file upload.csv (CSV, C-alpha atoms)
chain,number,residue,atom,x,y,z
A,930,MET,CA,-1.9,7.0,-12.1
A,931,ARG,CA,1.0,5.0,-13.7
A,932,VAL,CA,0.3,2.1,-11.3
A,933,GLU,CA,-3.4,2.1,-12.2
A,934,ALA,CA,-2.6,2.3,-15.9
A,935,GLY,CA,-0.3,-0.8,-15.6
A,936,GLU,CA,2.9,1.2,-16.4
A,937,LEU,CA,4.4,0.6,-13.0
A,938,GLU,CA,3.9,-2.6,-11.2
A,939,ARG,CA,6.3,-2.3,-8.2
A,940,VAL,CA,6.7,1.0,-6.4
A,941,ILE,CA,8.3,2.0,-3.2
A,942,ILE,CA,7.5,5.4,-1.7
A,943,LEU,CA,9.9,6.6,1.0
A,944,CYS,CA,8.8,9.6,3.0
A,945,PRO,CA,9.3,10.9,6.5
A,946,PRO,CA,6.6,10.6,9.2
A,947,ARG,CA,3.6,13.1,9.0
A,948,HIS,CA,4.2,14.1,5.3
A,949,GLY,CA,0.9,12.7,3.9
A,950,LYS,CA,2.1,9.4,2.5
A,951,SER,CA,-0.7,7.4,4.0
A,952,LEU,CA,-3.4,9.9,3.1
A,953,THR,CA,-2.2,9.9,-0.6
A,954,SER,CA,-1.2,6.3,-1.2
A,955,THR,CA,-3.4,4.3,1.3
A,956,ILE,CA,-6.6,6.3,1.5
A,957,PHE,CA,-7.1,8.4,-1.6
A,958,PHE,CA,-5.4,6.0,-4.1
A,959,PRO,CA,-7.3,2.8,-3.4
A,960,ALA,CA,-10.6,4.7,-3.4
A,961,TRP,CA,-9.7,6.2,-6.8
A,962,TYR,CA,-8.4,2.8,-8.0
A,963,LEU,CA,-11.7,1.1,-7.1
A,964,GLY,CA,-13.6,3.9,-8.7
A,965,ARG,CA,-11.8,3.2,-11.9
A,966,ASN,CA,-11.7,-0.6,-11.4
A,967,PRO,CA,-14.7,-1.6,-9.4
A,968,ASP,CA,-14.1,-5.3,-10.4
A,969,LYS,CA,-10.6,-5.5,-8.9
A,970,TYR,CA,-9.2,-6.8,-5.6
A,971,VAL,CA,-7.2,-4.6,-3.2
A,972,ILE,CA,-5.4,-5.8,-0.2
A,973,SER,CA,-4.1,-3.1,2.1
A,974,ALA,CA,-1.6,-4.0,5.0
A,975,SER,CA,-0.1,-1.9,7.8
A,976,TYR,CA,1.8,-2.6,10.9
A,977,GLY,CA,-1.3,-3.4,12.9
A,978,GLN,CA,-4.9,-4.5,12.3
A,979,GLU,CA,-6.3,-1.5,14.0
A,980,LEU,CA,-4.5,1.0,11.8
A,981,ALA,CA,-5.4,-1.1,8.7
A,982,GLU,CA,-9.0,-1.0,9.7
A,983,ASP,CA,-8.8,2.8,10.2
A,984,PHE,CA,-7.5,3.1,6.6
A,985,GLY,CA,-10.2,0.7,5.4
A,986,ALA,CA,-12.9,2.8,7.0
A,987,LYS,CA,-11.7,5.9,5.3
A,988,VAL,CA,-11.5,4.2,1.9
A,989,ARG,CA,-15.0,2.8,2.4
A,990,ASN,CA,-16.3,6.2,3.4
A,991,HIS,CA,-14.9,7.7,0.2
A,992,LEU,CA,-16.7,5.1,-1.8
A,993,LEU,CA,-19.9,5.9,0.0
A,994,ASP,CA,-19.5,9.6,-0.7
A,995,PRO,CA,-22.1,11.0,-3.2
A,996,LEU,CA,-19.3,12.8,-5.1
A,997,HIS,CA,-17.5,9.5,-5.6
A,998,ARG,CA,-20.6,7.8,-6.9
A,999,THR,CA,-21.1,10.8,-9.3
A,1000,VAL,CA,-17.6,10.5,-10.6
A,1001,PHE,CA,-17.5,6.7,-10.6
A,1002,PRO,CA,-21.1,5.5,-11.1
A,1003,LYS,CA,-20.1,1.8,-11.3
A,1004,SER,CA,-18.2,1.9,-8.1
A,1005,ILE,CA,-21.0,1.0,-5.6
A,1006,LEU,CA,-20.5,-0.8,-2.3
A,1007,SER,CA,-22.5,-4.0,-1.9
A,1008,ALA,CA,-25.2,-3.6,0.7
A,1009,ASP,CA,-24.2,-6.8,2.5
A,1010,SER,CA,-20.5,-6.1,2.7
A,1011,GLN,CA,-19.4,-2.8,4.1
A,1012,ALA,CA,-17.2,-3.5,7.1
A,1013,LYS,CA,-14.1,-1.4,7.6
A,1014,ASP,CA,-11.7,-4.3,7.2
A,1015,LYS,CA,-13.5,-5.9,4.2
A,1016,PHE,CA,-16.0,-4.6,1.7
A,1017,THR,CA,-17.1,-5.5,-1.8
A,1018,THR,CA,-18.5,-3.7,-4.8
A,1019,THR,CA,-21.5,-4.6,-6.8
A,1020,GLU,CA,-19.1,-5.2,-9.8
A,1021,GLY,CA,-17.3,-7.9,-7.8
A,1022,GLY,CA,-14.4,-5.9,-6.5
A,1023,MET,CA,-13.1,-6.3,-3.0
A,1024,TYR,CA,-11.0,-4.4,-0.4
A,1025,PHE,CA,-9.4,-6.3,2.4
A,1026,ALA,CA,-7.4,-4.6,5.3
A,1027,VAL,CA,-4.9,-6.6,7.3
A,1028,GLY,CA,-2.2,-6.1,9.9
A,1029,ARG,CA,1.3,-7.2,9.1
A,1030,GLY,CA,1.9,-10.9,9.6
A,1031,SER,CA,-1.8,-11.7,9.1
A,1032,ALA,CA,-3.0,-14.7,7.1
A,1033,ILE,CA,-4.5,-13.7,3.8
A,1034,VAL,CA,-5.0,-17.1,2.4
A,1035,GLY,CA,-7.9,-17.3,-0.1
A,1036,ARG,CA,-7.5,-13.6,-1.0
A,1037,GLY,CA,-6.1,-12.2,-4.2
A,1038,ALA,CA,-4.9,-8.7,-5.1
A,1039,HIS,CA,-4.7,-6.8,-8.3
A,1040,LEU,CA,-3.3,-4.1,-6.0
A,1041,LEU,CA,-1.3,-4.8,-2.9
A,1042,LEU,CA,-0.7,-1.8,-0.6
A,1043,VAL,CA,1.7,-2.0,2.3
A,1044,ASP,CA,1.8,1.1,4.4
A,1045,ASP,CA,4.3,1.5,7.3
A,1046,PRO,CA,4.9,-2.1,8.0
A,1047,VAL,CA,6.9,-1.1,11.1
A,1048,LYS,CA,5.7,1.6,13.4
A,1049,THR,CA,8.9,2.8,15.0
A,1050,ARG,CA,12.6,2.9,14.7
A,1051,GLU,CA,12.8,0.6,17.7
A,1052,GLU,CA,10.7,-2.0,15.8
A,1053,ALA,CA,12.9,-1.6,12.7
A,1054,SER,CA,16.0,-2.2,14.9
A,1055,SER,CA,14.7,-5.7,15.8
A,1056,GLU,CA,16.3,-8.3,13.6
A,1057,THR,CA,13.7,-10.8,14.5
A,1058,LEU,CA,10.8,-8.5,13.5
A,1059,ARG,CA,12.6,-7.6,10.3
A,1060,ARG,CA,13.1,-11.3,9.4
A,1061,GLN,CA,9.4,-12.0,10.1
A,1062,LEU,CA,8.4,-9.1,8.0
A,1063,HIS,CA,10.6,-10.2,5.1
A,1064,ASP,CA,9.2,-13.7,5.3
A,1065,TRP,CA,5.6,-12.5,5.5
A,1066,PHE,CA,6.0,-10.3,2.5
A,1067,ALA,CA,7.8,-12.8,0.4
A,1068,ASP,CA,5.8,-16.0,1.4
A,1069,VAL,CA,2.4,-14.6,2.2
A,1070,ALA,CA,1.6,-11.1,0.8
A,1071,TYR,CA,3.5,-11.3,-2.5
A,1072,THR,CA,2.0,-14.7,-3.3
A,1073,ARG,CA,-1.5,-13.1,-3.2
A,1074,LEU,CA,-1.0,-11.2,-6.5
A,1075,MET,CA,-3.4,-12.0,-9.2
A,1076,PRO,CA,-2.0,-13.5,-12.4
A,1077,GLY,CA,-1.3,-11.0,-15.1
A,1078,LYS,CA,-1.1,-7.3,-14.3
A,1079,SER,CA,-0.9,-6.8,-10.5
A,1080,ALA,CA,0.8,-4.0,-8.7
A,1081,VAL,CA,2.5,-3.5,-5.3
A,1082,VAL,CA,2.9,-0.1,-3.6
A,1083,LEU,CA,5.0,-0.1,-0.5
A,1084,THR,CA,4.8,3.2,1.4
A,1085,GLN,CA,7.0,3.8,4.4
A,1086,THR,CA,9.5,5.7,6.4
A,1087,LEU,CA,12.9,4.2,5.8
A,1088,TRP,CA,13.9,3.4,9.4
A,1089,HIS,CA,16.7,0.8,8.9
A,1090,GLU,CA,18.8,-0.4,5.9
A,1091,ASP,CA,17.3,-3.9,6.3
A,1092,ASP,CA,13.6,-2.9,7.0
A,1093,LEU,CA,11.2,-4.0,4.3
A,1094,ALA,CA,12.0,-1.2,1.8
A,1095,GLY,CA,15.7,-1.6,2.4
A,1096,TRP,CA,15.6,-5.3,2.0
A,1097,ILE,CA,13.5,-5.1,-1.2
A,1098,MET,CA,15.8,-2.5,-2.7
A,1099,ARG,CA,18.8,-4.8,-2.0
A,1100,GLU,CA,17.4,-8.3,-2.6
A,1101,GLN,CA,14.4,-7.9,-4.9
A,1102,GLN,CA,15.5,-5.2,-7.4
A,1103,HIS,CA,15.1,-7.8,-10.2
A,1104,ASP,CA,11.4,-7.3,-9.9
A,1105,GLY,CA,11.8,-3.8,-11.4
A,1106,TRP,CA,11.0,-1.7,-8.3
A,1107,HIS,CA,10.5,2.0,-9.0
A,1108,VAL,CA,11.7,4.0,-5.9
A,1109,VAL,CA,10.3,7.5,-5.1
A,1110,ARG,CA,12.1,9.3,-2.3
A,1111,PHE,CA,10.9,12.4,-0.5
A,1112,PRO,CA,13.6,13.2,2.0
A,1113,ALA,CA,12.8,15.3,5.0
A,1114,ILE,CA,16.0,17.3,4.3
A,1115,ALA,CA,17.0,18.0,0.7
A,1116,GLU,CA,20.2,16.1,0.1
A,1117,GLU,CA,20.9,17.9,-3.2
A,1118,ASP,CA,19.5,20.9,-5.1
A,1119,GLU,CA,16.9,19.5,-7.4
A,1120,PRO,CA,16.1,21.8,-10.4
A,1121,TRP,CA,12.4,22.0,-9.5
A,1122,ARG,CA,13.3,23.6,-6.1
A,1123,LYS,CA,14.6,26.8,-7.7
call {"tool": "encode", "arguments": {"input": "upload.csv", "output": "structure tokens"}}
result
Amino acid sequence: MRVEAGELERVIILCPPRHGKSLTSTIFFPAWYLGRNPDKYVISASYGQELAEDFGAKVRNHLLDPLHRTVFPKSILSADSQAKDKFTTTEGGMYFAVGRGSAIVGRGAHLLLVDDPVKTREEASSETLRRQLHDWFADVAYTRLMPGKSAVVLTQTLWHEDDLAGWIMREQQHDGWHVVRFPAIAEEDEPWRK
């Protein structure tokens, strides 16, 4: 909600595998965001095009749901653009799903979502792949942000100290990244756990 309200523009969500991070931040959130902002552009990226399209299909299906249309009456899909990797709204908004490393020239984003840019610890251990991902994020994805208020939400499992989240937390902290960690094993006794 704070991202949609413009209070947070750069967010990293770190969570172990199979804890609902993609469902929350990559499926429910963009559907809700487009419901509230049917004229905005969303780019959603993941480690592979197939997974990105799976996410896109689920977001699209939420927008097609009668309940969504009841809650967000202006968030209507255009009849001529309802593919799972790219769809538009009648208000001029757009959703575009890409795999990491994909060209997204000509696309803009009010909201850039990056979900699990590496799929395994083995991939994260590859220095070559990490460098390619850093370069893609900095030189391609990050440059797609619309002028003014644009947000980036990176959701991933932290596999390596130099994977995308680790690199951003170390090298890009000047952009004001807000980090949310949900460890698999509690590292300290948080007051809310009692």
call {"tool": "closest_residue", "arguments": {"input": "upload.csv", "among": "A:Glu938, A:Asp1014, A:Asp968, A:Glu1117", "to": "Leu1074 in chain A", "atoms": "all atoms listed in the file"}}
result
A:Glu938
call {"tool": "atom_distance", "arguments": {"input": "upload.csv", "atom1": "CA of Arg1060 in chain A", "atom2": "CA of Ile956 in chain A"}}
result
27.6 Å
call {"tool": "closest_atom_pairs", "arguments": {"input": "upload.csv", "of": "range 957-1013 of chain A", "to": "range 1080-1087 of chain A", "cutoff": "12 Å", "atoms": "only C-alpha atoms", "output": "CSV"}}
result
residue,atom,partner,partner_atom,distance
A:Phe958,CA,A:Val1082,CA,10.3
A:Pro959,CA,A:Val1082,CA,10.6
A:Tyr962,CA,A:Ala1080,CA,11.5
A:Lys969,CA,A:Ala1080,CA,11.5
A:Tyr970,CA,A:Ala1080,CA,10.8
A:Val971,CA,A:Ala1080,CA,9.7
A:Ile972,CA,A:Val1081,CA,9.7
A:Ser973,CA,A:Val1082,CA,9.5
A:Ala974,CA,A:Leu1083,CA,9.4
A:Ser975,CA,A:Thr1084,CA,9.5
A:Tyr976,CA,A:Gln1085,CA,10.5
call {"tool": "closest_residue", "arguments": {"input": "upload.csv", "among": "A:Gly985, A:Pro967, A:Lys1003, A:Glu1052", "to": "Gly1022 in chain A", "atoms": "only C-alpha atoms"}}
result
A:Pro967
call {"tool": "atom_distance", "arguments": {"input": "upload.csv", "atom1": "CA of His991 in chain A", "atom2": "CA of Ala960 in chain A"}}
result
6.4 Å
call {"tool": "closest_residue", "arguments": {"input": "upload.csv", "among": "A:Pro1120, A:Gly1105, A:Gly964, A:Gly1037", "to": "Ser1079 in chain A", "atoms": "only C-alpha atoms"}}
result
A:Gly1037
call {"tool": "atom_distance", "arguments": {"input": "upload.csv", "atom1": "CA of Arg965 in chain A", "atom2": "CA of Pro945 in chain A"}}
result
29.0 Å
call {"tool": "build_atoms", "arguments": {"input": "upload.csv", "residues": "range 1050-1077 of chain A", "atoms": "N, CA and C atoms", "output": "PDB file, in the frame of the given file"}}
result
ATOM      1  N   ARG A1050      11.206   3.257  14.906  1.00  0.00           N
ATOM      2  CA  ARG A1050      12.600   2.900  14.700  1.00  0.00           C
ATOM      3  C   ARG A1050      13.009   1.728  15.581  1.00  0.00           C
ATOM      4  N   GLU A1051      12.461   1.691  16.797  1.00  0.00           N
ATOM      5  CA  GLU A1051      12.800   0.600  17.700  1.00  0.00           C
ATOM      6  C   GLU A1051      12.347  -0.761  17.082  1.00  0.00           C
ATOM      7  N   GLU A1052      11.146  -0.807  16.516  1.00  0.00           N
ATOM      8  CA  GLU A1052      10.700  -2.000  15.800  1.00  0.00           C
ATOM      9  C   GLU A1052      11.639  -2.379  14.685  1.00  0.00           C
ATOM     10  N   ALA A1053      11.998  -1.374  13.904  1.00  0.00           N
ATOM     11  CA  ALA A1053      12.900  -1.600  12.700  1.00  0.00           C
ATOM     12  C   ALA A1053      14.244  -2.095  13.162  1.00  0.00           C
ATOM     13  N   SER A1054      14.648  -1.794  14.383  1.00  0.00           N
ATOM     14  CA  SER A1054      16.000  -2.200  14.900  1.00  0.00           C
ATOM     15  C   SER A1054      15.950  -3.693  15.324  1.00  0.00           C
ATOM     16  N   SER A1055      14.785  -4.298  15.409  1.00  0.00           N
ATOM     17  CA  SER A1055      14.700  -5.700  15.800  1.00  0.00           C
ATOM     18  C   SER A1055      14.930  -6.619  14.637  1.00  0.00           C
ATOM     19  N   GLU A1056      16.028  -7.351  14.698  1.00  0.00           N
ATOM     20  CA  GLU A1056      16.300  -8.300  13.600  1.00  0.00           C
ATOM     21  C   GLU A1056      15.268  -9.349  13.471  1.00  0.00           C
ATOM     22  N   THR A1057      14.732  -9.806  14.578  1.00  0.00           N
ATOM     23  CA  THR A1057      13.700 -10.800  14.500  1.00  0.00           C
ATOM     24  C   THR A1057      12.453 -10.314  13.826  1.00  0.00           C
ATOM     25  N   LEU A1058      12.012  -9.107  14.160  1.00  0.00           N
ATOM     26  CA  LEU A1058      10.800  -8.500  13.500  1.00  0.00           C
ATOM     27  C   LEU A1058      11.103  -8.308  12.030  1.00  0.00           C
ATOM     28  N   ARG A1059      12.284  -7.829  11.675  1.00  0.00           N
ATOM     29  CA  ARG A1059      12.600  -7.600  10.300  1.00  0.00           C
ATOM     30  C   ARG A1059      12.552  -8.924   9.479  1.00  0.00           C
ATOM     31  N   ARG A1060      13.118  -9.995  10.044  1.00  0.00           N
ATOM     32  CA  ARG A1060      13.100 -11.300   9.400  1.00  0.00           C
ATOM     33  C   ARG A1060      11.652 -11.782   9.186  1.00  0.00           C
ATOM     34  N   GLN A1061      10.825 -11.639  10.227  1.00  0.00           N
ATOM     35  CA  GLN A1061       9.400 -12.000  10.100  1.00  0.00           C
ATOM     36  C   GLN A1061       8.698 -11.253   9.041  1.00  0.00           C
ATOM     37  N   LEU A1062       8.994  -9.967   8.964  1.00  0.00           N
ATOM     38  CA  LEU A1062       8.400  -9.100   8.000  1.00  0.00           C
ATOM     39  C   LEU A1062       8.810  -9.505   6.549  1.00  0.00           C
ATOM     40  N   HIS A1063      10.109  -9.747   6.370  1.00  0.00           N
ATOM     41  CA  HIS A1063      10.600 -10.200   5.100  1.00  0.00           C
ATOM     42  C   HIS A1063       9.901 -11.483   4.649  1.00  0.00           C
ATOM     43  N   ASP A1064       9.830 -12.441   5.589  1.00  0.00           N
ATOM     44  CA  ASP A1064       9.200 -13.700   5.300  1.00  0.00           C
ATOM     45  C   ASP A1064       7.717 -13.564   4.975  1.00  0.00           C
ATOM     46  N   TRP A1065       7.016 -12.754   5.764  1.00  0.00           N
ATOM     47  CA  TRP A1065       5.600 -12.500   5.500  1.00  0.00           C
ATOM     48  C   TRP A1065       5.378 -11.908   4.146  1.00  0.00           C
ATOM     49  N   PHE A1066       6.178 -10.905   3.821  1.00  0.00           N
ATOM     50  CA  PHE A1066       6.000 -10.300   2.500  1.00  0.00           C
ATOM     51  C   PHE A1066       6.271 -11.226   1.385  1.00  0.00           C
ATOM     52  N   ALA A1067       7.390 -11.951   1.447  1.00  0.00           N
ATOM     53  CA  ALA A1067       7.800 -12.800   0.400  1.00  0.00           C
ATOM     54  C   ALA A1067       6.883 -14.084   0.256  1.00  0.00           C
ATOM     55  N   ASP A1068       6.538 -14.668   1.399  1.00  0.00           N
ATOM     56  CA  ASP A1068       5.800 -16.000   1.400  1.00  0.00           C
ATOM     57  C   ASP A1068       4.329 -15.869   1.512  1.00  0.00           C
ATOM     58  N   VAL A1069       3.824 -14.734   1.983  1.00  0.00           N
ATOM     59  CA  VAL A1069       2.400 -14.600   2.200  1.00  0.00           C
ATOM     60  C   VAL A1069       1.840 -13.484   1.245  1.00  0.00           C
ATOM     61  N   ALA A1070       2.200 -12.246   1.525  1.00  0.00           N
ATOM     62  CA  ALA A1070       1.600 -11.100   0.800  1.00  0.00           C
ATOM     63  C   ALA A1070       1.903 -11.157  -0.697  1.00  0.00           C
ATOM     64  N   TYR A1071       3.151 -11.350  -1.060  1.00  0.00           N
ATOM     65  CA  TYR A1071       3.500 -11.300  -2.500  1.00  0.00           C
ATOM     66  C   TYR A1071       2.895 -12.435  -3.270  1.00  0.00           C
ATOM     67  N   THR A1072       2.591 -13.543  -2.611  1.00  0.00           N
ATOM     68  CA  THR A1072       2.000 -14.700  -3.300  1.00  0.00           C
ATOM     69  C   THR A1072       0.484 -14.465  -3.553  1.00  0.00           C
ATOM     70  N   ARG A1073      -0.080 -13.396  -3.038  1.00  0.00           N
ATOM     71  CA  ARG A1073      -1.500 -13.100  -3.200  1.00  0.00           C
ATOM     72  C   ARG A1073      -1.795 -12.347  -4.501  1.00  0.00           C
ATOM     73  N   LEU A1074      -0.755 -11.964  -5.237  1.00  0.00           N
ATOM     74  CA  LEU A1074      -1.000 -11.200  -6.500  1.00  0.00           C
ATOM     75  C   LEU A1074      -1.689 -12.005  -7.511  1.00  0.00           C
ATOM     76  N   MET A1075      -2.650 -11.374  -8.149  1.00  0.00           N
ATOM     77  CA  MET A1075      -3.400 -12.000  -9.200  1.00  0.00           C
ATOM     78  C   MET A1075      -2.526 -12.234 -10.426  1.00  0.00           C
ATOM     79  N   PRO A1076      -2.767 -13.305 -11.166  1.00  0.00           N
ATOM     80  CA  PRO A1076      -2.000 -13.500 -12.400  1.00  0.00           C
ATOM     81  C   PRO A1076      -2.212 -12.370 -13.375  1.00  0.00           C
ATOM     82  N   GLY A1077      -1.218 -12.112 -14.180  1.00  0.00           N
ATOM     83  CA  GLY A1077      -1.300 -11.000 -15.100  1.00  0.00           C
ATOM     84  C   GLY A1077      -0.814  -9.723 -14.501  1.00  0.00           C
TER      85      GLY A1077
END
